[in-house]
Amino acid sequence: FGPGNAYYVGTEWFREVLADERLRESLLRQFLFSGAVLAIQIPLGIGVALMMPKSGIKASLCLILLAIPLLIPWNVVGTIWQIFGRGDIGLFGWGLNALGLDYNYTGNTVDAWLTVLLMDVWHWTPLVALLCYSGLRAIPEAFYQAAEIDRASKWAVSAISSYRA
């Protein structure tokens, strides 16, 4: 191997990589993580958006508080949670250990996976909530009137009726 020495191996490398057991395990873990994150973030974000006030100072305060985690860069979020999850100085780790749970994200792979899952949910659920909130605010009043005329169920209309203009 060296400069000027090139060998054509065709698709050999791709066959080797696709046959690798570690790659398949990693992909499975990634799909499980992504599915778990989405299964938590989407319903939670929709619920938060439905509970937010439609206007006024309370709505502005909610929007500001929701935006704070999104303003923090992802590498800083990792550092914050690294300290927060420590059992000796972090509030989260100390609290779980005080409850009698043996929590150690550096020594237990399940604890590490759950910590990263929680960290991701904390960081990105506000984005889902803000997108849902803006979508709810964009629904015209005429749609609510049409739903009432069509005798839509109270649950169907009242779930978003607080967003009337």
# chains A, B, ... in the order shown; residues from 1 in each chain; ligands from 1

call {"tool": "residues_around", "arguments": {"residues": "Gly85 of chain A", "least_positions_apart": "5", "cutoff": "12 Å", "atoms": "only C-alpha atoms", "output": "NGL selection string"}}
result
:A and (77-80 or 90-97 or 103-106 or 111-112 or 114-116 or 118-119)

call {"tool": "select_by_dssp", "arguments": {"residues": "chain A", "states": "alpha helix (DSSP H)", "output": "ChimeraX atom specification"}}
result
/A:12-18,21-51,57-71,74-84,91-98,109-137,141-149,154-158

call {"tool": "closest_atom_pairs", "arguments": {"of": "segment 22-47 of chain A", "to": "segment 127-132 of chain A", "cutoff": "7 Å", "atoms": "only C-alpha atoms", "output": "Markdown table"}}
result
| residue | atom | partner | partner_atom | distance |
| --- | --- | --- | --- | --- |
| A:Ile42 | CA | A:Val128 | CA | 6.5 |
| A:Gly45 | CA | A:Ala129 | CA | 4.0 |
| A:Ile46 | CA | A:Ala129 | CA | 5.8 |

call {"tool": "closest_residue", "arguments": {"among": "A:Asp120, A:Glu21, A:Asp102, A:Glu12", "to": "Val37 of chain A", "atoms": "only C-alpha atoms"}}
result
A:Asp120

call {"tool": "atom_distance", "arguments": {"atom1": "atom CA of His123 of chain A", "atom2": "atom CA of Ile64 of chain A"}}
result
14.3 Å

call {"tool": "closest_residue", "arguments": {"among": "A:Pro3, A:Gly35, A:Pro126, A:Gly107", "to": "Cys62 of chain A", "atoms": "only C-alpha atoms"}}
result
A:Pro126

call {"tool": "atom_distance", "arguments": {"atom1": "atom CA of Leu65 of chain A", "atom2": "atom CA of Gln41 of chain A"}}
result
16.9 Å

call {"tool": "residues_around", "arguments": {"residues": "Tyr133 of chain A", "least_positions_apart": "4", "cutoff": "12 Å", "atoms": "only C-alpha atoms", "output": "ChimeraX atom specification"}}
result
/A:45-55,59,62-63,66,126-129,137-139,160,162-163

call {"tool": "write_last_selection", "arguments": {"atoms": "N, CA and C atoms", "output": "compact mmCIF listing (two decimals), in the first residue's frame"}}
result
# COMPACT_ATOMS: atom_id res chain seq x y z
N GLY A 45 -45.29 15.62 22.41
CA GLY A 45 -45.32 16.93 21.76
C GLY A 45 -46.72 17.37 21.42
N ILE A 46 -47.54 16.44 20.94
CA ILE A 46 -48.93 16.78 20.63
C ILE A 46 -49.68 17.14 21.91
N GLY A 47 -49.45 16.38 22.97
CA GLY A 47 -50.11 16.68 24.24
C GLY A 47 -49.72 18.03 24.79
N VAL A 48 -48.44 18.36 24.72
CA VAL A 48 -47.98 19.67 25.19
C VAL A 48 -48.61 20.78 24.36
N ALA A 49 -48.65 20.59 23.04
CA ALA A 49 -49.23 21.61 22.17
C ALA A 49 -50.72 21.83 22.46
N LEU A 50 -51.44 20.75 22.75
CA LEU A 50 -52.86 20.88 23.05
C LEU A 50 -53.10 21.57 24.39
N MET A 51 -52.17 21.46 25.31
CA MET A 51 -52.34 22.08 26.63
C MET A 51 -51.90 23.54 26.68
N MET A 52 -51.20 24.00 25.66
CA MET A 52 -50.70 25.38 25.67
C MET A 52 -51.84 26.37 25.46
N PRO A 53 -51.77 27.52 26.13
CA PRO A 53 -52.80 28.55 25.92
C PRO A 53 -52.69 29.14 24.52
N LYS A 54 -53.82 29.66 23.99
CA LYS A 54 -53.82 30.12 22.61
C LYS A 54 -53.22 31.51 22.43
N SER A 55 -53.32 32.36 23.44
CA SER A 55 -52.77 33.71 23.28
C SER A 55 -52.51 34.31 24.65
N ALA A 59 -49.16 32.26 26.82
CA ALA A 59 -48.73 31.60 25.58
C ALA A 59 -47.31 32.00 25.23
N CYS A 62 -44.95 30.20 27.60
CA CYS A 62 -44.82 28.78 27.22
C CYS A 62 -43.92 28.61 26.00
N LEU A 63 -44.06 29.48 25.01
CA LEU A 63 -43.23 29.39 23.81
C LEU A 63 -41.76 29.63 24.14
N LEU A 66 -40.45 26.56 26.03
CA LEU A 66 -40.29 25.42 25.11
C LEU A 66 -39.06 25.58 24.21
N PRO A 126 -39.65 19.60 22.46
CA PRO A 126 -40.17 20.96 22.25
C PRO A 126 -40.34 21.32 20.77
N LEU A 127 -39.50 20.78 19.90
CA LEU A 127 -39.67 21.05 18.47
C LEU A 127 -40.99 20.47 17.97
N VAL A 128 -41.29 19.25 18.37
CA VAL A 128 -42.56 18.63 17.98
C VAL A 128 -43.72 19.45 18.54
N ALA A 129 -43.61 19.88 19.78
CA ALA A 129 -44.68 20.67 20.40
C ALA A 129 -44.87 22.00 19.67
N ARG A 137 -52.70 26.52 15.56
CA ARG A 137 -53.03 27.94 15.44
C ARG A 137 -53.40 28.32 14.01
N ALA A 138 -53.00 27.52 13.03
CA ALA A 138 -53.27 27.83 11.63
C ALA A 138 -54.62 27.32 11.15
N ILE A 139 -55.34 26.57 11.98
CA ILE A 139 -56.64 26.04 11.57
C ILE A 139 -57.65 27.19 11.56
N ILE A 160 -59.35 20.66 20.29
CA ILE A 160 -58.62 21.81 19.75
C ILE A 160 -59.44 23.09 19.79
N SER A 162 -59.88 25.19 22.05
CA SER A 162 -59.25 26.30 22.75
C SER A 162 -58.36 27.13 21.83
N TYR A 163 -58.18 26.67 20.59
CA TYR A 163 -57.33 27.39 19.65
C TYR A 163 -58.13 28.26 18.69
